[in-house]
Amino acid sequence: MSAADFRTCPVTSLKIDPRGELLVKANAVVAVVSLLIGAIAAVLLVLTRWQAVHLLPAEWFYRILGVHGMSMLIFFIIFFEMAVLIFASTALLNARMVTPKLGWTAFALMLGGAVMVEVIMWAGKADVLFTSYVPLKADPLYYLGIILFAVGALLVCGLFFANLVVAKREQTYSGSLPLVVYGAVTAAIIAVITLLHGAAIYIPTFLWSLGLMEVDPQIYRLIWWGLGHSSQQINVAAMVAIWYMLGALTIGAVVLNEKISRSAFVLYILFISMASAHHLLVDPGMGSAWKIVNTSYFMYMAVLASMIHGFTVPAGMELGQRLRGIGTGLFGWLKQAPWGDPGFSSLVFSVVVFGFVGGITGVTIGTEQINIIVHNTLRVPGHFHATVVSGTAMAFMGATYYLIPLVFQRKVAFWGLAKIQPYLFAGGMFIFVMSMTFAGTFGVPRRHWDISFSQAPFDVAFNPAVDVLLAFVALGGLIAATGAFIFVAIAVKSVFFGEPIGTLVPGVAVRGLPQGITSPPRHAPDVDRRNEELHAPGQGWLGPAPGTMVLVFIFLAAFIVYFFVNWKVLSFVWKIG
Amino acid sequence: MPEPPATDEETRPLGQRLFDNVFLLLIVGIVVMAVIYTGWGLFEVTTLPPATLP
């Protein structure tokens with residue numbers, strides 16, 4: 001492939017291989033379609049769990065719950081991650097796509113598998129929920145569809161590594177991989193770990209569904225969660241990589257320390273996948289030592305990694321702003337940030353809700369003792385909607401507002417709506433997550449069609465506040481779904497019917513283009529002098545990023561309070577002496 | 001005779017070279033998960049004595 005075959009990005013000056021770019025587009029489009037299906041399912045679910053409405057009959061509730069889980073947690077997220085992997089290993093390295101044909105084969109396998117799974121689920125032949133716990137049995141085509149999807153995704157991971165090898169050999173970059181690509185490497189490695197577990201459990205389960213072998217339910221749970229939870233850790237790594245990318249694009253964030261950030265990614269590679277054990281904390285077959293070692297992410301090393309990223313990303317943003325002389329006082333840099341840029345607002349909401357809500361609740365409810373008051377209540381989906389939806393999906397949406405002009409070379413359609421979409425989605429999800437978490441605190445079960453147990457021979461009396469909380473779950477869910485539908489409309493209109501970006505004049509705002517594209521943040525010529533001043537001893541004990549340090553202390557205080565409140569609540573139900 | 005210039009491999013610190021070795025990280029990541037979560041978990045499940053009926 002000659003240099004003339006590459007396209008040069010007018011904003012980043014990166015050399016783009018159109019063959020890789022086309023694959024990025026295809027994966028991103030299917031991701032958005034999956035999001036649409038998942039969001040429609042979400043509306044039906046929240047209107048059923050809202051007891052006053054109770055929309056779906058039981059059979060359809062569980063069917064749609066499965067559709068929602070697969071469409072969102074697997075198809076939307078993984079198709080988008082495949083786009084990220086191809087983008088990171090080609091565009092960000094000025095490198096070529098090694099074997100585009102194999103990339104299309106992988107895409108076809110993933111798409112074919114996803115369509116097969118969706119058809120089987122909607123046809124009512126796979127009412128086994130997202131987890132498909134054995135001995136619940138689905139149509140064999142359901143398992144086959146997932147296997148095809150997983151093989152396709154594994155192929156893309158292989159292509160990602162092949163692209164890296166060829167890029168290094170052809171010297172399209174020098175030194176170490178850029179940090180964003182390093183985050184993508186982390187995501188790809190976790191994806192391989194995840195998909196190997198998927199193959200190890202879905203192939204036997206497929207054979208079991210054909211009556212050819214037996215599958216032990218406990219072994220199924222153990223291996224399946226190596227897929228089910230680890231797949232969400234791919235999200236975490238990809239999301240953090242996007243945080244660094246969006247930080248640099250939107251607000252000129254700097255990397256505080258390459259060693260620290262890369263060490264945190266390596267900690268993810270080593271320890272984050274074993275969090276799968278959280279789902280087995282009440283399984284009697286597993287011993288305490290195994291549970292504690294695994295659910296502590298091997299003594300909290302992966303939690304440390306998340307807290308490092310949670311500090312370095314906003315601190316890098318703050319330092320970047322201060323280096324350009326933007327903002328005074330503790331939070332002037334944040335106040336003067338481009339809040340009308342949907343890429344920036346998405347980034348901030350993603351970091352804040354993922355850290356403050358998803359992170360704190362995750363570590364707390366993953367503690368073996370505390371888990372017993374949380375297990376199978378609405379607190380669990382409350383937690384993972386804060387991480388996967390408010391964190392990952394929000395970050396992916398923010399990235400899309402930059403991918404539309406940079407990759408699809410189109411203006412963002414419905415620009416006015418695009419500017420408020422992150423607020424709507426994040427606001428709705430925050431109401432949804434907090435209401436769900438509090439409802440779970442009252443013991444409301446997850447994955448349950450009717451908590452009034454209307455046809456059961458027994459009755460469970462919940463606190464009356466539960467009805468209000470479930471109504472707020474529905475309200476928050478509907479607001480967030482509206483945000484998701486707006487996002488889909490913006491993406492579809494922009495990609496298929498959007499206006500070309502045309503010739504860009506640096507510094508001139510253009511409706512439909514984020515500020516980071518029309519006025520990319522640039523350092524002043526005397527950036528080194530400013531940097532020295534910010535790091536001078538006279539800056540005070542909070543250092544060069546004092547605003548972020550204050551936020552860190554607030555975070556730690558919230559973490560400590562939440563953690564110990566849960567121990568106190570546990571003491572109410574687990575009396576000693 | 002002047003010494004040849006140091007190559008990129010020689011000038012990079014050991015830690016950086018380890019972190020840059022993508023395939024080493026891939027193998028170590030798989031092994032850690034396979035041993036601590038999967039292998040140990042399978043050992044626990046498969047060595048579980050059968051429950052005695054009351």
# chains A, B, ... in the order shown; residues from 1 in each chain; ligands from 1
>>> residues_around(residues="Ile27 of chain B", least_positions_apart="6", cutoff="12 Å", atoms="only C-alpha atoms", output="VMD selection string")
(chain A and resid 189 to 190 192 to 193 269 to 270) or (chain B and resid 21 33 to 34)
>>> write_last_selection(atoms="C-alpha atoms", output="PDB file, in the first residue's frame")
ATOM      1  CA  ILE A 189      -5.797  -8.411  26.093  1.00  0.00           C
ATOM      2  CA  ILE A 190      -8.773  -8.479  28.449  1.00  0.00           C
ATOM      3  CA  VAL A 192      -8.811 -12.304  24.623  1.00  0.00           C
ATOM      4  CA  ILE A 193      -9.076 -13.516  28.238  1.00  0.00           C
ATOM      5  CA  ILE A 269      -4.302  -6.624  32.566  1.00  0.00           C
ATOM      6  CA  LEU A 270      -3.129  -8.615  35.560  1.00  0.00           C
TER       7      LEU A 270
ATOM      8  CA  ASN B  21       6.150  -6.054  25.155  1.00  0.00           C
ATOM      9  CA  MET B  33      -6.498 -15.261  35.265  1.00  0.00           C
ATOM     10  CA  ALA B  34      -6.187 -18.931  34.303  1.00  0.00           C
TER      11      ALA B  34
END
>>> residues_around(residues="Ala41 of chain A", least_positions_apart="4", cutoff="7 Å", atoms="only C-alpha atoms", output="list in words")
Ile37, Leu45, Ile64, Val67 and His68 of chain A
>>> write_last_selection(atoms="N, CA, C and O atoms", output="PDB file, in the first residue's frame")
ATOM      1  N   ILE A  37     -31.891  -1.031  19.711  1.00  0.00           N
ATOM      2  CA  ILE A  37     -32.692  -2.198  20.140  1.00  0.00           C
ATOM      3  C   ILE A  37     -32.681  -2.301  21.669  1.00  0.00           C
ATOM      4  O   ILE A  37     -33.718  -2.498  22.317  1.00  0.00           O
ATOM      5  N   LEU A  45     -38.907  -2.428  29.802  1.00  0.00           N
ATOM      6  CA  LEU A  45     -38.576  -2.989  31.122  1.00  0.00           C
ATOM      7  C   LEU A  45     -38.918  -2.027  32.258  1.00  0.00           C
ATOM      8  O   LEU A  45     -39.519  -2.427  33.263  1.00  0.00           O
ATOM      9  N   ILE A  64     -37.643  -9.874  27.124  1.00  0.00           N
ATOM     10  CA  ILE A  64     -37.089  -8.551  26.794  1.00  0.00           C
ATOM     11  C   ILE A  64     -35.878  -8.236  27.676  1.00  0.00           C
ATOM     12  O   ILE A  64     -34.940  -7.555  27.254  1.00  0.00           O
ATOM     13  N   VAL A  67     -33.097  -9.734  25.890  1.00  0.00           N
ATOM     14  CA  VAL A  67     -32.781  -8.922  24.703  1.00  0.00           C
ATOM     15  C   VAL A  67     -31.988  -7.677  25.117  1.00  0.00           C
ATOM     16  O   VAL A  67     -30.984  -7.312  24.494  1.00  0.00           O
ATOM     17  N   HIS A  68     -32.454  -7.035  26.191  1.00  0.00           N
ATOM     18  CA  HIS A  68     -31.787  -5.815  26.676  1.00  0.00           C
ATOM     19  C   HIS A  68     -30.329  -6.116  27.053  1.00  0.00           C
ATOM     20  O   HIS A  68     -29.406  -5.394  26.652  1.00  0.00           O
TER      21      HIS A  68
END
>>> interface_residues(of="chain B", to="chain A", cutoff="8 Å", atoms="only C-alpha atoms", output="list in words")
Asp8, Phe19, Asp20, Val22, Leu25, Leu26, Val28, Gly29, Ile30, Val32, Met33, Ile36, Tyr37, Thr38, Trp40, Gly41, Leu42, Glu44, Val45 and Leu48 of chain B
>>> atom_distance(atom1="atom CA of Val303 of chain A", atom2="atom CA of Pro178 of chain A")
23.1 Å
>>> residues_around(residues="Ser346 of chain A", least_positions_apart="4", cutoff="12 Å", atoms="only C-alpha atoms", output="PyMOL selection string")
chain A and resi 239+242-243+246-247+250+338-342+350-354+389-402+418-427+483+487
>>> closest_residue(among="A:His229, A:Arg324, A:Leu212, A:Asn27", to="Ala153 of chain A", atoms="only C-alpha atoms")
A:Asn27
>>> select_by_dssp(residues="segment 14-48 of chain B", states="alpha helix (DSSP H)", output="MDAnalysis selection string")
chainID B and resid 14:20 22:33 40:46
>>> atom_distance(atom1="atom CA of Leu417 of chain A", atom2="atom CA of Ser345 of chain A")
13.3 Å
>>> closest_atom_pairs(of="segment 5-98 of chain A", to="segment 491-505 of chain A", cutoff="9 Å", atoms="only C-alpha atoms", output="Markdown table")
| residue | atom | partner | partner_atom | distance |
| --- | --- | --- | --- | --- |
| A:Pro10 | CA | A:Leu504 | CA | 7.7 |
| A:Val11 | CA | A:Leu504 | CA | 8.2 |
| A:Lys25 | CA | A:Val495 | CA | 8.9 |
| A:Val29 | CA | A:Val492 | CA | 8.0 |
| A:Val32 | CA | A:Ala491 | CA | 7.7 |
>>> residues_around(residues="Glu533 of chain A", least_positions_apart="2", cutoff="12 Å", atoms="only C-alpha atoms", output="number ranges by chain")
A: 319, 322-323, 325, 526-531, 535-540, 543-544
>>> residues_around(residues="segment 357-373 of chain A", least_positions_apart="6", cutoff="6 Å", atoms="only C-alpha atoms", output="PyMOL selection string")
chain A and resi 278+383+386-387+559+563
>>> write_last_selection(atoms="all heavy atoms", output="PDB file, in the first residue's frame")
ATOM      1  N   HIS A 278     -17.130 -11.910  41.842  1.00  0.00           N
ATOM      2  CA  HIS A 278     -18.185 -11.207  42.582  1.00  0.00           C
ATOM      3  C   HIS A 278     -19.526 -11.916  42.463  1.00  0.00           C
ATOM      4  O   HIS A 278     -20.337 -11.897  43.388  1.00  0.00           O
ATOM      5  CB  HIS A 278     -18.356  -9.779  42.020  1.00  0.00           C
ATOM      6  CG  HIS A 278     -17.236  -8.875  42.396  1.00  0.00           C
ATOM      7  ND1 HIS A 278     -16.793  -7.854  41.610  1.00  0.00           N
ATOM      8  CD2 HIS A 278     -16.447  -8.851  43.478  1.00  0.00           C
ATOM      9  CE1 HIS A 278     -15.787  -7.240  42.193  1.00  0.00           C
ATOM     10  NE2 HIS A 278     -15.563  -7.826  43.328  1.00  0.00           N
ATOM     11  N   HIS A 383     -25.569  -0.646  40.463  1.00  0.00           N
ATOM     12  CA  HIS A 383     -24.110  -0.487  40.334  1.00  0.00           C
ATOM     13  C   HIS A 383     -23.665  -0.565  38.878  1.00  0.00           C
ATOM     14  O   HIS A 383     -22.974   0.320  38.375  1.00  0.00           O
ATOM     15  CB  HIS A 383     -23.393  -1.564  41.164  1.00  0.00           C
ATOM     16  CG  HIS A 383     -22.045  -1.922  40.628  1.00  0.00           C
ATOM     17  ND1 HIS A 383     -20.965  -1.065  40.701  1.00  0.00           N
ATOM     18  CD2 HIS A 383     -21.604  -3.023  39.962  1.00  0.00           C
ATOM     19  CE1 HIS A 383     -19.920  -1.631  40.112  1.00  0.00           C
ATOM     20  NE2 HIS A 383     -20.273  -2.811  39.650  1.00  0.00           N
ATOM     21  N   ALA A 386     -24.331   2.209  36.566  1.00  0.00           N
ATOM     22  CA  ALA A 386     -23.454   3.369  36.790  1.00  0.00           C
ATOM     23  C   ALA A 386     -22.121   3.186  36.071  1.00  0.00           C
ATOM     24  O   ALA A 386     -21.524   4.158  35.601  1.00  0.00           O
ATOM     25  CB  ALA A 386     -23.220   3.571  38.281  1.00  0.00           C
ATOM     26  N   THR A 387     -21.651   1.942  35.991  1.00  0.00           N
ATOM     27  CA  THR A 387     -20.353   1.722  35.343  1.00  0.00           C
ATOM     28  C   THR A 387     -20.512   1.593  33.830  1.00  0.00           C
ATOM     29  O   THR A 387     -19.908   2.321  33.065  1.00  0.00           O
ATOM     30  CB  THR A 387     -19.675   0.450  35.892  1.00  0.00           C
ATOM     31  OG1 THR A 387     -20.592  -0.646  35.783  1.00  0.00           O
ATOM     32  CG2 THR A 387     -19.263   0.619  37.328  1.00  0.00           C
ATOM     33  N   PHE A 559     -16.252   7.585  49.688  1.00  0.00           N
ATOM     34  CA  PHE A 559     -15.928   6.154  49.677  1.00  0.00           C
ATOM     35  C   PHE A 559     -15.940   5.599  51.109  1.00  0.00           C
ATOM     36  O   PHE A 559     -16.584   4.576  51.406  1.00  0.00           O
ATOM     37  CB  PHE A 559     -14.540   5.988  49.046  1.00  0.00           C
ATOM     38  CG  PHE A 559     -14.243   4.598  48.536  1.00  0.00           C
ATOM     39  CD1 PHE A 559     -13.212   4.405  47.617  1.00  0.00           C
ATOM     40  CD2 PHE A 559     -14.958   3.493  48.955  1.00  0.00           C
ATOM     41  CE1 PHE A 559     -12.910   3.138  47.132  1.00  0.00           C
ATOM     42  CE2 PHE A 559     -14.661   2.216  48.471  1.00  0.00           C
ATOM     43  CZ  PHE A 559     -13.644   2.044  47.564  1.00  0.00           C
ATOM     44  N   PHE A 563     -18.698   2.961  52.546  1.00  0.00           N
ATOM     45  CA  PHE A 563     -18.192   1.641  52.937  1.00  0.00           C
ATOM     46  C   PHE A 563     -18.613   1.307  54.374  1.00  0.00           C
ATOM     47  O   PHE A 563     -19.147   0.233  54.656  1.00  0.00           O
ATOM     48  CB  PHE A 563     -16.664   1.639  52.799  1.00  0.00           C
ATOM     49  CG  PHE A 563     -16.045   0.271  52.872  1.00  0.00           C
ATOM     50  CD1 PHE A 563     -16.161  -0.608  51.806  1.00  0.00           C
ATOM     51  CD2 PHE A 563     -15.346  -0.140  53.990  1.00  0.00           C
ATOM     52  CE1 PHE A 563     -15.588  -1.868  51.854  1.00  0.00           C
ATOM     53  CE2 PHE A 563     -14.769  -1.404  54.056  1.00  0.00           C
ATOM     54  CZ  PHE A 563     -14.894  -2.272  52.974  1.00  0.00           C
TER      55      PHE A 563
END
>>> residues_around(residues="Lys137 of chain A", least_positions_apart="5", cutoff="12 Å", atoms="only C-alpha atoms", output="list in words")
Gly124, Lys125, Ala126, Asp127, Val128, Leu129, Thr131, Ser132, Tyr142, Tyr143, Thr205, Phe206, Leu207, Trp208, Ser209, Leu210, Gly211, Val215 and Pro217 of chain A
>>> write_last_selection(atoms="C-alpha atoms", output="PDB file, in the first residue's frame")
ATOM      1  CA  GLY A 124     -39.119 -16.771  22.302  1.00  0.00           C
ATOM      2  CA  LYS A 125     -36.700 -19.643  21.845  1.00  0.00           C
ATOM      3  CA  ALA A 126     -34.112 -18.357  24.299  1.00  0.00           C
ATOM      4  CA  ASP A 127     -35.909 -17.164  27.439  1.00  0.00           C
ATOM      5  CA  VAL A 128     -32.812 -17.838  29.509  1.00  0.00           C
ATOM      6  CA  LEU A 129     -31.817 -14.245  30.365  1.00  0.00           C
ATOM      7  CA  THR A 131     -26.641 -15.410  31.865  1.00  0.00           C
ATOM      8  CA  SER A 132     -28.352 -18.488  30.346  1.00  0.00           C
ATOM      9  CA  TYR A 142     -28.724 -19.167  20.293  1.00  0.00           C
ATOM     10  CA  TYR A 143     -25.477 -20.665  21.571  1.00  0.00           C
ATOM     11  CA  THR A 205     -23.175 -25.641  26.319  1.00  0.00           C
ATOM     12  CA  PHE A 206     -23.999 -25.697  22.604  1.00  0.00           C
ATOM     13  CA  LEU A 207     -23.224 -29.432  22.546  1.00  0.00           C
ATOM     14  CA  TRP A 208     -25.300 -29.882  25.714  1.00  0.00           C
ATOM     15  CA  SER A 209     -28.249 -28.142  24.039  1.00  0.00           C
ATOM     16  CA  LEU A 210     -27.963 -30.740  21.262  1.00  0.00           C
ATOM     17  CA  GLY A 211     -28.037 -33.513  23.854  1.00  0.00           C
ATOM     18  CA  VAL A 215     -22.598 -29.471  31.704  1.00  0.00           C
ATOM     19  CA  PRO A 217     -24.171 -25.928  36.594  1.00  0.00           C
TER      20      PRO A 217
END
>>> atom_distance(atom1="atom CA of Ala241 of chain A", atom2="atom CA of Met429 of chain A")
22.2 Å
>>> closest_residue(among="A:Ala315, A:Ala489, A:Ile16, A:Ile308", to="Leu542 of chain A", atoms="only C-alpha atoms")
A:Ala315
>>> residues_around(residues="Trp333 of chain A", least_positions_apart="5", cutoff="7 Å", atoms="only C-alpha atoms", output="list of chain:residue names")
A:Glu318, A:Gln321, A:Arg322, A:Ile326, A:Gly327, A:Thr328
>>> write_last_selection(atoms="N, CA, C and O atoms", output="mmCIF file, in the first residue's frame")
data_model
loop_
_atom_site.group_PDB
_atom_site.id
_atom_site.type_symbol
_atom_site.label_atom_id
_atom_site.label_comp_id
_atom_site.auth_asym_id
_atom_site.auth_seq_id
_atom_site.Cartn_x
_atom_site.Cartn_y
_atom_site.Cartn_z
ATOM 1 N N GLU A 318 -6.929 19.533 34.210
ATOM 2 C CA GLU A 318 -6.690 20.771 34.968
ATOM 3 C C GLU A 318 -5.337 21.370 34.600
ATOM 4 O O GLU A 318 -5.231 22.577 34.334
ATOM 5 N N GLN A 321 -5.367 22.981 31.189
ATOM 6 C CA GLN A 321 -6.017 24.302 31.214
ATOM 7 C C GLN A 321 -5.095 25.348 31.837
ATOM 8 O O GLN A 321 -4.947 26.457 31.327
ATOM 9 N N ARG A 322 -4.483 24.992 32.959
ATOM 10 C CA ARG A 322 -3.623 25.969 33.660
ATOM 11 C C ARG A 322 -2.396 26.325 32.807
ATOM 12 O O ARG A 322 -1.920 27.459 32.839
ATOM 13 N N ILE A 326 -5.810 29.224 31.502
ATOM 14 C CA ILE A 326 -7.278 29.291 31.583
ATOM 15 C C ILE A 326 -7.724 28.974 33.007
ATOM 16 O O ILE A 326 -7.464 27.890 33.526
ATOM 17 N N GLY A 327 -8.424 29.908 33.622
ATOM 18 C CA GLY A 327 -9.024 29.671 34.932
ATOM 19 C C GLY A 327 -8.094 30.019 36.074
ATOM 20 O O GLY A 327 -6.895 29.781 36.020
ATOM 21 N N THR A 328 -8.704 30.613 37.124
ATOM 22 C CA THR A 328 -7.948 30.907 38.341
ATOM 23 C C THR A 328 -8.661 30.242 39.504
ATOM 24 O O THR A 328 -9.781 29.740 39.371
#
